[in-house]
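The file input12.pdb comes next; it holds PDB, C-alpha atoms and all ligand atoms.
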MODEL        1
ATOM      1  CA  MET A   1     194.246  20.120 -95.287  1.00  0.00           C
ATOM      2  CA  GLU A   2     192.273  17.361 -96.945  1.00  0.00           C
ATOM      3  CA  ARG A   3     193.260  13.921 -95.655  1.00  0.00           C
ATOM      4  CA  LYS A   4     195.486  12.226 -98.252  1.00  0.00           C
ATOM      5  CA  ALA A   5     196.148   8.539 -98.756  1.00  0.00           C
ATOM      6  CA  PHE A   6     198.512   6.506-100.904  1.00  0.00           C
ATOM      7  CA  ILE A   7     197.912   3.420-103.009  1.00  0.00           C
ATOM      8  CA  PHE A   8     200.974   1.511-104.145  1.00  0.00           C
ATOM      9  CA  ASP A   9     201.217  -0.935-106.981  1.00  0.00           C
ATOM     10  CA  LEU A  10     203.431  -3.910-106.083  1.00  0.00           C
ATOM     11  CA  ASP A  11     205.371  -5.289-109.051  1.00  0.00           C
ATOM     12  CA  GLY A  12     207.890  -2.719-110.261  1.00  0.00           C
ATOM     13  CA  VAL A  13     207.040  -0.178-107.537  1.00  0.00           C
ATOM     14  CA  ILE A  14     207.607  -1.868-104.185  1.00  0.00           C
ATOM     15  CA  VAL A  15     209.703  -4.738-105.362  1.00  0.00           C
ATOM     16  CA  ASP A  16     211.699  -5.576-108.443  1.00  0.00           C
ATOM     17  CA  THR A  17     209.481  -8.470-109.532  1.00  0.00           C
ATOM     18  CA  ALA A  18     208.630  -6.937-112.934  1.00  0.00           C
ATOM     19  CA  LYS A  19     211.848  -8.493-114.274  1.00  0.00           C
ATOM     20  CA  TYR A  20     210.759 -11.956-113.084  1.00  0.00           C
ATOM     21  CA  HIS A  21     207.362 -11.645-114.743  1.00  0.00           C
ATOM     22  CA  TYR A  22     209.197 -10.655-117.928  1.00  0.00           C
ATOM     23  CA  LEU A  23     211.658 -13.557-117.737  1.00  0.00           C
ATOM     24  CA  ALA A  24     208.884 -16.102-117.143  1.00  0.00           C
ATOM     25  CA  TRP A  25     206.819 -14.776-120.082  1.00  0.00           C
ATOM     26  CA  LYS A  26     209.894 -14.624-122.316  1.00  0.00           C
ATOM     27  CA  GLU A  27     210.713 -18.267-121.576  1.00  0.00           C
ATOM     28  CA  LEU A  28     207.155 -19.209-122.473  1.00  0.00           C
ATOM     29  CA  ALA A  29     207.277 -17.193-125.716  1.00  0.00           C
ATOM     30  CA  GLU A  30     210.521 -18.870-126.724  1.00  0.00           C
ATOM     31  CA  LYS A  31     209.000 -22.273-126.045  1.00  0.00           C
ATOM     32  CA  LEU A  32     206.141 -21.301-128.342  1.00  0.00           C
ATOM     33  CA  GLY A  33     208.678 -20.267-130.993  1.00  0.00           C
ATOM     34  CA  PHE A  34     208.793 -16.471-130.936  1.00  0.00           C
ATOM     35  CA  ASP A  35     210.804 -13.688-129.338  1.00  0.00           C
ATOM     36  CA  PHE A  36     209.398 -11.324-126.712  1.00  0.00           C
ATOM     37  CA  THR A  37     211.134  -7.980-126.203  1.00  0.00           C
ATOM     38  CA  VAL A  38     211.440  -5.631-123.219  1.00  0.00           C
ATOM     39  CA  GLU A  39     209.447  -3.035-125.199  1.00  0.00           C
ATOM     40  CA  GLN A  40     206.596  -5.479-125.835  1.00  0.00           C
ATOM     41  CA  ASN A  41     206.678  -6.355-122.134  1.00  0.00           C
ATOM     42  CA  GLU A  42     205.420  -2.825-121.295  1.00  0.00           C
ATOM     43  CA  LEU A  43     201.998  -3.969-122.555  1.00  0.00           C
ATOM     44  CA  LEU A  44     201.884  -6.749-119.960  1.00  0.00           C
ATOM     45  CA  LYS A  45     202.797  -4.610-116.969  1.00  0.00           C
ATOM     46  CA  GLY A  46     199.895  -4.097-114.604  1.00  0.00           C
ATOM     47  CA  VAL A  47     197.491  -6.355-116.469  1.00  0.00           C
ATOM     48  CA  SER A  48     196.132  -9.656-115.137  1.00  0.00           C
ATOM     49  CA  ARG A  49     197.824 -12.999-115.685  1.00  0.00           C
ATOM     50  CA  ILE A  50     195.185 -14.201-118.156  1.00  0.00           C
ATOM     51  CA  ARG A  51     195.163 -10.926-120.100  1.00  0.00           C
ATOM     52  CA  SER A  52     198.979 -11.034-120.200  1.00  0.00           C
ATOM     53  CA  LEU A  53     198.858 -14.454-121.851  1.00  0.00           C
ATOM     54  CA  GLU A  54     196.326 -13.225-124.423  1.00  0.00           C
ATOM     55  CA  ILE A  55     198.534 -10.222-125.285  1.00  0.00           C
ATOM     56  CA  LEU A  56     201.586 -12.486-125.522  1.00  0.00           C
ATOM     57  CA  LEU A  57     199.812 -14.927-127.847  1.00  0.00           C
ATOM     58  CA  ASP A  58     198.648 -12.008-130.021  1.00  0.00           C
ATOM     59  CA  ILE A  59     202.244 -10.806-130.291  1.00  0.00           C
ATOM     60  CA  GLY A  60     203.371 -14.289-131.360  1.00  0.00           C
ATOM     61  CA  LYS A  61     200.274 -14.758-133.553  1.00  0.00           C
ATOM     62  CA  VAL A  62     199.683 -18.070-131.806  1.00  0.00           C
ATOM     63  CA  HIS A  63     196.189 -19.547-131.407  1.00  0.00           C
ATOM     64  CA  LEU A  64     195.596 -22.067-128.642  1.00  0.00           C
ATOM     65  CA  ASP A  65     192.606 -23.819-127.125  1.00  0.00           C
ATOM     66  CA  GLU A  66     191.407 -22.963-123.623  1.00  0.00           C
ATOM     67  CA  ASP A  67     192.889 -26.086-121.985  1.00  0.00           C
ATOM     68  CA  THR A  68     196.340 -25.335-123.355  1.00  0.00           C
ATOM     69  CA  LYS A  69     196.048 -21.719-122.204  1.00  0.00           C
ATOM     70  CA  THR A  70     195.159 -22.873-118.687  1.00  0.00           C
ATOM     71  CA  LYS A  71     198.161 -25.209-118.688  1.00  0.00           C
ATOM     72  CA  LEU A  72     200.489 -22.430-119.862  1.00  0.00           C
ATOM     73  CA  LEU A  73     199.189 -20.036-117.197  1.00  0.00           C
ATOM     74  CA  THR A  74     200.029 -22.599-114.523  1.00  0.00           C
ATOM     75  CA  GLU A  75     203.474 -23.194-116.042  1.00  0.00           C
ATOM     76  CA  LYS A  76     204.222 -19.478-116.194  1.00  0.00           C
ATOM     77  CA  ASN A  77     203.191 -18.984-112.591  1.00  0.00           C
ATOM     78  CA  GLU A  78     205.256 -21.957-111.392  1.00  0.00           C
ATOM     79  CA  GLN A  79     208.298 -20.531-113.156  1.00  0.00           C
ATOM     80  CA  TYR A  80     207.593 -17.085-111.660  1.00  0.00           C
ATOM     81  CA  LEU A  81     207.220 -18.566-108.175  1.00  0.00           C
ATOM     82  CA  LYS A  82     210.639 -20.223-108.532  1.00  0.00           C
ATOM     83  CA  TYR A  83     212.149 -16.750-109.000  1.00  0.00           C
ATOM     84  CA  ILE A  84     210.107 -15.349-106.107  1.00  0.00           C
ATOM     85  CA  ALA A  85     211.264 -18.113-103.786  1.00  0.00           C
ATOM     86  CA  LYS A  86     214.827 -16.781-104.001  1.00  0.00           C
ATOM     87  CA  MET A  87     213.791 -13.182-103.347  1.00  0.00           C
ATOM     88  CA  ASP A  88     214.659 -11.308-100.156  1.00  0.00           C
ATOM     89  CA  GLN A  89     214.407  -7.779 -98.690  1.00  0.00           C
ATOM     90  CA  GLU A  90     217.347  -6.715-100.877  1.00  0.00           C
ATOM     91  CA  GLU A  91     214.924  -6.597-103.784  1.00  0.00           C
ATOM     92  CA  ILE A  92     212.666  -4.001-102.224  1.00  0.00           C
ATOM     93  CA  LEU A  93     213.170  -1.031-104.544  1.00  0.00           C
ATOM     94  CA  PRO A  94     215.282   1.944-103.347  1.00  0.00           C
ATOM     95  CA  GLY A  95     213.569   4.380-100.986  1.00  0.00           C
ATOM     96  CA  ILE A  96     210.373   2.356-100.626  1.00  0.00           C
ATOM     97  CA  LYS A  97     210.904   1.126 -97.070  1.00  0.00           C
ATOM     98  CA  ASN A  98     211.741   4.655 -95.984  1.00  0.00           C
ATOM     99  CA  VAL A  99     208.591   6.054 -97.554  1.00  0.00           C
ATOM    100  CA  LEU A 100     206.334   3.351 -96.083  1.00  0.00           C
ATOM    101  CA  HIS A 101     207.767   3.897 -92.599  1.00  0.00           C
ATOM    102  CA  TYR A 102     207.446   7.670 -92.992  1.00  0.00           C
ATOM    103  CA  LEU A 103     203.769   7.376 -93.963  1.00  0.00           C
ATOM    104  CA  LYS A 104     203.151   4.940 -91.119  1.00  0.00           C
ATOM    105  CA  SER A 105     204.741   7.153 -88.481  1.00  0.00           C
ATOM    106  CA  ASN A 106     202.758  10.147 -89.751  1.00  0.00           C
ATOM    107  CA  GLN A 107     199.439   8.238 -89.736  1.00  0.00           C
ATOM    108  CA  ILE A 108     198.985   8.715 -93.469  1.00  0.00           C
ATOM    109  CA  PRO A 109     196.971   5.695 -94.623  1.00  0.00           C
ATOM    110  CA  PHE A 110     198.196   3.549 -97.479  1.00  0.00           C
ATOM    111  CA  ALA A 111     197.037   0.491 -99.370  1.00  0.00           C
ATOM    112  CA  LEU A 112     198.310  -1.975-101.895  1.00  0.00           C
ATOM    113  CA  GLY A 113     196.513  -1.979-105.258  1.00  0.00           C
ATOM    114  CA  SER A 114     197.949  -4.804-107.320  1.00  0.00           C
ATOM    115  CA  ALA A 115     196.789  -7.051-110.152  1.00  0.00           C
ATOM    116  CA  SER A 116     198.868  -9.906-108.790  1.00  0.00           C
ATOM    117  CA  LYS A 117     197.371 -12.981-107.183  1.00  0.00           C
ATOM    118  CA  ASN A 118     200.787 -13.519-105.576  1.00  0.00           C
ATOM    119  CA  ALA A 119     200.784 -10.113-103.845  1.00  0.00           C
ATOM    120  CA  ARG A 120     200.170 -11.293-100.278  1.00  0.00           C
ATOM    121  CA  LEU A 121     202.791 -14.014-100.598  1.00  0.00           C
ATOM    122  CA  ILE A 122     205.362 -11.482-101.813  1.00  0.00           C
ATOM    123  CA  LEU A 123     204.557  -8.914 -99.101  1.00  0.00           C
ATOM    124  CA  GLU A 124     204.860 -11.634 -96.468  1.00  0.00           C
ATOM    125  CA  ARG A 125     208.187 -12.764 -97.839  1.00  0.00           C
ATOM    126  CA  LEU A 126     209.446  -9.180 -97.725  1.00  0.00           C
ATOM    127  CA  ASP A 127     208.040  -8.723 -94.221  1.00  0.00           C
ATOM    128  CA  LEU A 128     206.050  -5.658 -95.342  1.00  0.00           C
ATOM    129  CA  ILE A 129     202.523  -7.028 -95.123  1.00  0.00           C
ATOM    130  CA  ASN A 130     201.725  -5.653 -91.670  1.00  0.00           C
ATOM    131  CA  LEU A 131     202.538  -2.077 -92.671  1.00  0.00           C
ATOM    132  CA  PHE A 132     199.612  -1.801 -95.073  1.00  0.00           C
ATOM    133  CA  ASP A 133     196.239  -0.473 -93.893  1.00  0.00           C
ATOM    134  CA  ALA A 134     194.517  -2.349 -96.724  1.00  0.00           C
ATOM    135  CA  ILE A 135     195.443  -4.824 -99.418  1.00  0.00           C
ATOM    136  CA  VAL A 136     193.585  -5.229-102.698  1.00  0.00           C
ATOM    137  CA  ASP A 137     195.066  -7.720-105.136  1.00  0.00           C
ATOM    138  CA  GLY A 138     194.237  -9.894-108.138  1.00  0.00           C
ATOM    139  CA  ASN A 139     192.042 -12.130-105.971  1.00  0.00           C
ATOM    140  CA  ASP A 140     189.784  -9.234-104.954  1.00  0.00           C
ATOM    141  CA  VAL A 141     188.880  -7.692-108.309  1.00  0.00           C
ATOM    142  CA  SER A 142     186.601  -8.713-111.135  1.00  0.00           C
ATOM    143  CA  ILE A 143     187.973  -6.345-113.800  1.00  0.00           C
ATOM    144  CA  ALA A 144     191.688  -5.768-114.286  1.00  0.00           C
ATOM    145  CA  LYS A 145     193.556  -2.458-114.733  1.00  0.00           C
ATOM    146  CA  PRO A 146     193.094  -0.192-116.737  1.00  0.00           C
ATOM    147  CA  ASP A 147     189.686  -0.504-115.088  1.00  0.00           C
ATOM    148  CA  PRO A 148     189.751   1.570-111.876  1.00  0.00           C
ATOM    149  CA  GLU A 149     188.081  -1.141-109.726  1.00  0.00           C
ATOM    150  CA  VAL A 150     191.223  -2.170-107.816  1.00  0.00           C
ATOM    151  CA  PHE A 151     191.974   1.412-106.738  1.00  0.00           C
ATOM    152  CA  LEU A 152     188.352   2.273-105.956  1.00  0.00           C
ATOM    153  CA  ILE A 153     188.096  -0.744-103.635  1.00  0.00           C
ATOM    154  CA  ALA A 154     191.391   0.305-102.007  1.00  0.00           C
ATOM    155  CA  ALA A 155     190.068   3.845-101.373  1.00  0.00           C
ATOM    156  CA  GLN A 156     186.884   2.418 -99.907  1.00  0.00           C
ATOM    157  CA  LYS A 157     188.859   0.125 -97.593  1.00  0.00           C
ATOM    158  CA  LEU A 158     190.979   3.086 -96.471  1.00  0.00           C
ATOM    159  CA  GLY A 159     187.835   5.148 -95.895  1.00  0.00           C
ATOM    160  CA  VAL A 160     188.909   8.019 -98.150  1.00  0.00           C
ATOM    161  CA  ILE A 161     187.448   9.549-101.299  1.00  0.00           C
ATOM    162  CA  PRO A 162     189.183   8.718-104.621  1.00  0.00           C
ATOM    163  CA  GLU A 163     190.235  12.372-105.094  1.00  0.00           C
ATOM    164  CA  ALA A 164     192.322  12.136-101.918  1.00  0.00           C
ATOM    165  CA  CYS A 165     194.358   9.179-103.220  1.00  0.00           C
ATOM    166  CA  ILE A 166     197.796   9.294-104.785  1.00  0.00           C
ATOM    167  CA  VAL A 167     198.544   6.161-106.801  1.00  0.00           C
ATOM    168  CA  VAL A 168     202.147   5.072-107.366  1.00  0.00           C
ATOM    169  CA  GLU A 169     202.402   2.915-110.497  1.00  0.00           C
ATOM    170  CA  ASP A 170     204.958   1.685-113.040  1.00  0.00           C
ATOM    171  CA  ALA A 171     202.493   0.487-115.701  1.00  0.00           C
ATOM    172  CA  GLN A 172     200.542   2.284-118.417  1.00  0.00           C
ATOM    173  CA  ALA A 173     197.460   0.259-117.493  1.00  0.00           C
ATOM    174  CA  GLY A 174     197.862   1.251-113.846  1.00  0.00           C
ATOM    175  CA  ILE A 175     198.198   4.962-114.605  1.00  0.00           C
ATOM    176  CA  GLN A 176     195.069   4.791-116.760  1.00  0.00           C
ATOM    177  CA  ALA A 177     193.233   3.016-113.929  1.00  0.00           C
ATOM    178  CA  ALA A 178     194.281   5.695-111.424  1.00  0.00           C
ATOM    179  CA  ASN A 179     193.243   8.505-113.770  1.00  0.00           C
ATOM    180  CA  ARG A 180     189.875   6.860-114.424  1.00  0.00           C
ATOM    181  CA  ALA A 181     189.362   6.523-110.672  1.00  0.00           C
ATOM    182  CA  GLY A 182     189.798  10.307-110.345  1.00  0.00           C
ATOM    183  CA  MET A 183     192.991   9.882-108.326  1.00  0.00           C
ATOM    184  CA  THR A 184     196.380  11.570-108.633  1.00  0.00           C
ATOM    185  CA  SER A 185     198.736   9.337-110.625  1.00  0.00           C
ATOM    186  CA  LEU A 186     202.459   9.149-110.005  1.00  0.00           C
ATOM    187  CA  GLY A 187     204.330   7.120-112.604  1.00  0.00           C
ATOM    188  CA  ILE A 188     207.629   5.406-111.878  1.00  0.00           C
ATOM    189  CA  GLY A 189     209.628   4.791-115.037  1.00  0.00           C
ATOM    190  CA  ASP A 190     210.036   6.141-118.550  1.00  0.00           C
ATOM    191  CA  LYS A 191     208.059   9.361-119.041  1.00  0.00           C
ATOM    192  CA  THR A 192     207.355   8.595-122.696  1.00  0.00           C
ATOM    193  CA  VAL A 193     205.733   5.296-121.670  1.00  0.00           C
ATOM    194  CA  LEU A 194     203.941   6.846-118.679  1.00  0.00           C
ATOM    195  CA  LYS A 195     202.938  10.058-120.452  1.00  0.00           C
ATOM    196  CA  GLU A 196     199.403   9.952-119.071  1.00  0.00           C
ATOM    197  CA  SER A 197     200.625  10.287-115.455  1.00  0.00           C
ATOM    198  CA  ASN A 198     200.064  13.484-113.487  1.00  0.00           C
ATOM    199  CA  PHE A 199     203.663  13.174-112.257  1.00  0.00           C
ATOM    200  CA  VAL A 200     206.560  10.908-113.281  1.00  0.00           C
ATOM    201  CA  LEU A 201     209.772   9.907-111.530  1.00  0.00           C
ATOM    202  CA  HIS A 202     212.487   7.947-113.263  1.00  0.00           C
ATOM    203  CA  ASP A 203     212.816   5.434-110.437  1.00  0.00           C
ATOM    204  CA  THR A 204     211.866   4.923-106.803  1.00  0.00           C
ATOM    205  CA  SER A 205     215.102   6.439-105.478  1.00  0.00           C
ATOM    206  CA  GLU A 206     213.554   9.803-106.467  1.00  0.00           C
ATOM    207  CA  LEU A 207     210.555   9.077-104.268  1.00  0.00           C
ATOM    208  CA  THR A 208     211.967  10.918-101.266  1.00  0.00           C
ATOM    209  CA  ILE A 209     210.200  12.056 -98.113  1.00  0.00           C
ATOM    210  CA  ASP A 210     210.438  15.649 -99.412  1.00  0.00           C
ATOM    211  CA  TYR A 211     208.798  14.667-102.670  1.00  0.00           C
ATOM    212  CA  ILE A 212     206.036  12.760-100.876  1.00  0.00           C
ATOM    213  CA  SER A 213     205.377  15.722 -98.558  1.00  0.00           C
ATOM    214  CA  GLN A 214     205.135  18.128-101.515  1.00  0.00           C
ATOM    215  CA  LEU A 215     202.669  15.830-103.259  1.00  0.00           C
ATOM    216  CA  MET A 216     200.396  16.038-100.243  1.00  0.00           C
ATOM    217  CA  ASP A 217     200.384  19.847-100.108  1.00  0.00           C
TER     218      ASP A 217
HETATM  219  C1  LIG B 301     200.928  -7.178-112.085  1.00  0.00           C
HETATM  220  C2  LIG B 301     202.117  -7.276-113.005  1.00  0.00           C
HETATM  221  O1  LIG B 301     201.309  -6.515-110.913  1.00  0.00           O
HETATM  222  O2  LIG B 301     200.429  -8.463-111.757  1.00  0.00           O
HETATM  223  C3  LIG B 301     201.741  -8.088-114.244  1.00  0.00           C
HETATM  224  O3  LIG B 301     202.530  -5.981-113.402  1.00  0.00           O
HETATM  225  C4  LIG B 301     201.196  -9.440-113.824  1.00  0.00           C
HETATM  226  O4  LIG B 301     202.885  -8.227-115.048  1.00  0.00           O
HETATM  227  C5  LIG B 301     200.013  -9.247-112.880  1.00  0.00           C
HETATM  228  O5  LIG B 301     200.783 -10.177-114.954  1.00  0.00           O
HETATM  229  C6  LIG B 301     199.436 -10.569-112.384  1.00  0.00           C
HETATM  230  O6  LIG B 301     200.370 -11.167-111.531  1.00  0.00           O
HETATM  231  P1  LIG B 301     200.293 -12.652-111.000  1.00  0.00           P
HETATM  232  O7  LIG B 301     201.352 -12.685-109.918  1.00  0.00           O
HETATM  233  O8  LIG B 301     198.921 -12.878-110.455  1.00  0.00           O
HETATM  234  O9  LIG B 301     200.592 -13.541-112.151  1.00  0.00           O
HETATM  235 MG    MG B 302     203.536  -2.754-111.616  1.00  0.00          MG
ENDMDL
END
Encoding of this model in structure tokens:
Amino acid sequence: MERKAFIFDLDGVIVDTAKYHYLAWKELAEKLGFDFTVEQNELLKGVSRIRSLEILLDIGKVHLDEDTKTKLLTEKNEQYLKYIAKMDQEEILPGIKNVLHYLKSNQIPFALGSASKNARLILERLDLINLFDAIVDGNDVSIAKPDPEVFLIAAQKLGVIPEACIVVEDAQAGIQAANRAGMTSLGIGDKTVLKESNFVLHDTSELTIDYISQLMD
């Protein structure tokens, strides 16, 4: 059997931080005078911090100069970090720890492939960082998802070909990135939103050891 490897997104796959990103952006939108819905938030999932702000400002039809944008990006991140500071292992999504330990004990390599510049901080806080064979985050890439760069670097670091990788993602942009990288994409979330995925599960509790084993067959 061909040697398989996994690449996990962080926010919304390993840990329930997607809701904190949403809350921090929503607070910013309200300060700028417009509403920001859960549905609109789907467009921000998986994309970089700067691109998220641009999408948000487009939604609110707000035009700002570069200095103000930089200030708002810092504000949003500070607000987000306040939420993160209160986070503990309880917020690791259902089934994830099991799966990571299963892969580890079966010597199946796995990496993190995240757009977040806070990824290492979060993995450390959750005491998961040492499990990963490679970490690629928002500090390591030059082009954000849906570009495949983040996943291609992860595959390279794991020493496997892209076709051997299974990417677990909750964002449209992430699924597109995985598909463009020539990898197998497994979406976690709403199948109408993640319709481009090769496979979709409603949430991580469905990501069982049995399911993982079947995916590798
Ligand atoms: C992704 C999230 O994982 O990271 C996005 O899905 C977020 O919502 C992006 O914008 C960047 O995260 P950070 O932590 O660098 O602001
Ligand atoms: Mg995500």
On this structure, which residues satisfy the PyMOL selection byres (((chain A and resi 89) around 10) and not hetatm), written as JSON, numbers by chain?
{"A": [15, 87, 88, 90, 91, 92, 93, 97, 123, 125, 126, 127, 128]}
Could you please extract the residues within 8 Å of ligand LIG 301 (chain B), counting only C-alpha atoms and all ligand atoms, and hand them back as a PDB file with C-alpha atoms, in the frame of the given file?
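Saved result, selection-v2.pdb, follows:
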ATOM      1  CA  ASP A   9     201.217  -0.935-106.981  1.00  0.00           C
ATOM      2  CA  LEU A  10     203.431  -3.910-106.083  1.00  0.00           C
ATOM      3  CA  ASP A  11     205.371  -5.289-109.051  1.00  0.00           C
ATOM      4  CA  GLY A  12     207.890  -2.719-110.261  1.00  0.00           C
ATOM      5  CA  ALA A  18     208.630  -6.937-112.934  1.00  0.00           C
ATOM      6  CA  HIS A  21     207.362 -11.645-114.743  1.00  0.00           C
ATOM      7  CA  TYR A  22     209.197 -10.655-117.928  1.00  0.00           C
ATOM      8  CA  LEU A  44     201.884  -6.749-119.960  1.00  0.00           C
ATOM      9  CA  LYS A  45     202.797  -4.610-116.969  1.00  0.00           C
ATOM     10  CA  GLY A  46     199.895  -4.097-114.604  1.00  0.00           C
ATOM     11  CA  VAL A  47     197.491  -6.355-116.469  1.00  0.00           C
ATOM     12  CA  SER A  48     196.132  -9.656-115.137  1.00  0.00           C
ATOM     13  CA  ARG A  49     197.824 -12.999-115.685  1.00  0.00           C
ATOM     14  CA  ILE A  50     195.185 -14.201-118.156  1.00  0.00           C
ATOM     15  CA  ARG A  51     195.163 -10.926-120.100  1.00  0.00           C
ATOM     16  CA  SER A  52     198.979 -11.034-120.200  1.00  0.00           C
ATOM     17  CA  ASN A  77     203.191 -18.984-112.591  1.00  0.00           C
ATOM     18  CA  TYR A  80     207.593 -17.085-111.660  1.00  0.00           C
ATOM     19  CA  SER A 114     197.949  -4.804-107.320  1.00  0.00           C
ATOM     20  CA  ALA A 115     196.789  -7.051-110.152  1.00  0.00           C
ATOM     21  CA  SER A 116     198.868  -9.906-108.790  1.00  0.00           C
ATOM     22  CA  LYS A 117     197.371 -12.981-107.183  1.00  0.00           C
ATOM     23  CA  ASN A 118     200.787 -13.519-105.576  1.00  0.00           C
ATOM     24  CA  ALA A 119     200.784 -10.113-103.845  1.00  0.00           C
ATOM     25  CA  GLY A 138     194.237  -9.894-108.138  1.00  0.00           C
ATOM     26  CA  ALA A 171     202.493   0.487-115.701  1.00  0.00           C
TER      27      ALA A 171
END
Please expand the PyMOL selection byres (((chain A and resi 207-212) around 12) and not hetatm) into the concrete residues it hits in this file, giving the result as an MDAnalysis selection string.
chainID A and resid 4:6 13:14 93:103 106 108 166:169 186:189 199:206 213:217
Tell me, in Å to one decimal, how far CA of Glu66 (chain A) is from CA of Ser142 (chain A).
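So the two atoms, CA of Glu66 (chain A) and CA of Ser142 (chain A), lie 19.5 Å apart.
The protein and nucleic acid residues lying at most 7 Å from region 180-184 of chain A are Pro148, Phe151, Leu152, Pro162, Glu163, Ala164, Cys165, Ile166, Val167 and Asn198 of chain A, with only C-alpha atoms considered and sequence neighbours fewer than 6 positions away removed.
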Given 5 Å on each side, where is the centre and what are the edge lengths in Å to one decimal of the axis-aligned box enclosing the listed atoms of region 138-155 of chain A, as JSON?
{"center_x": 190.4, "center_y": -4.1, "center_z": -109.1, "size_x": 17.6, "size_y": 26.0, "size_z": 25.4}
Need to verify the contact set: region 27-42 of chain A, 10 Å, all atoms listed in the file, exclusion of same-chain residues closer than 6 positions in sequence. Can you return it as JSON, numbers by chain?
{"A": [18, 19, 21, 52, 53, 55, 56, 57, 59, 60, 61, 62, 72, 73, 75, 76, 79, 170, 171, 172, 173, 193]}
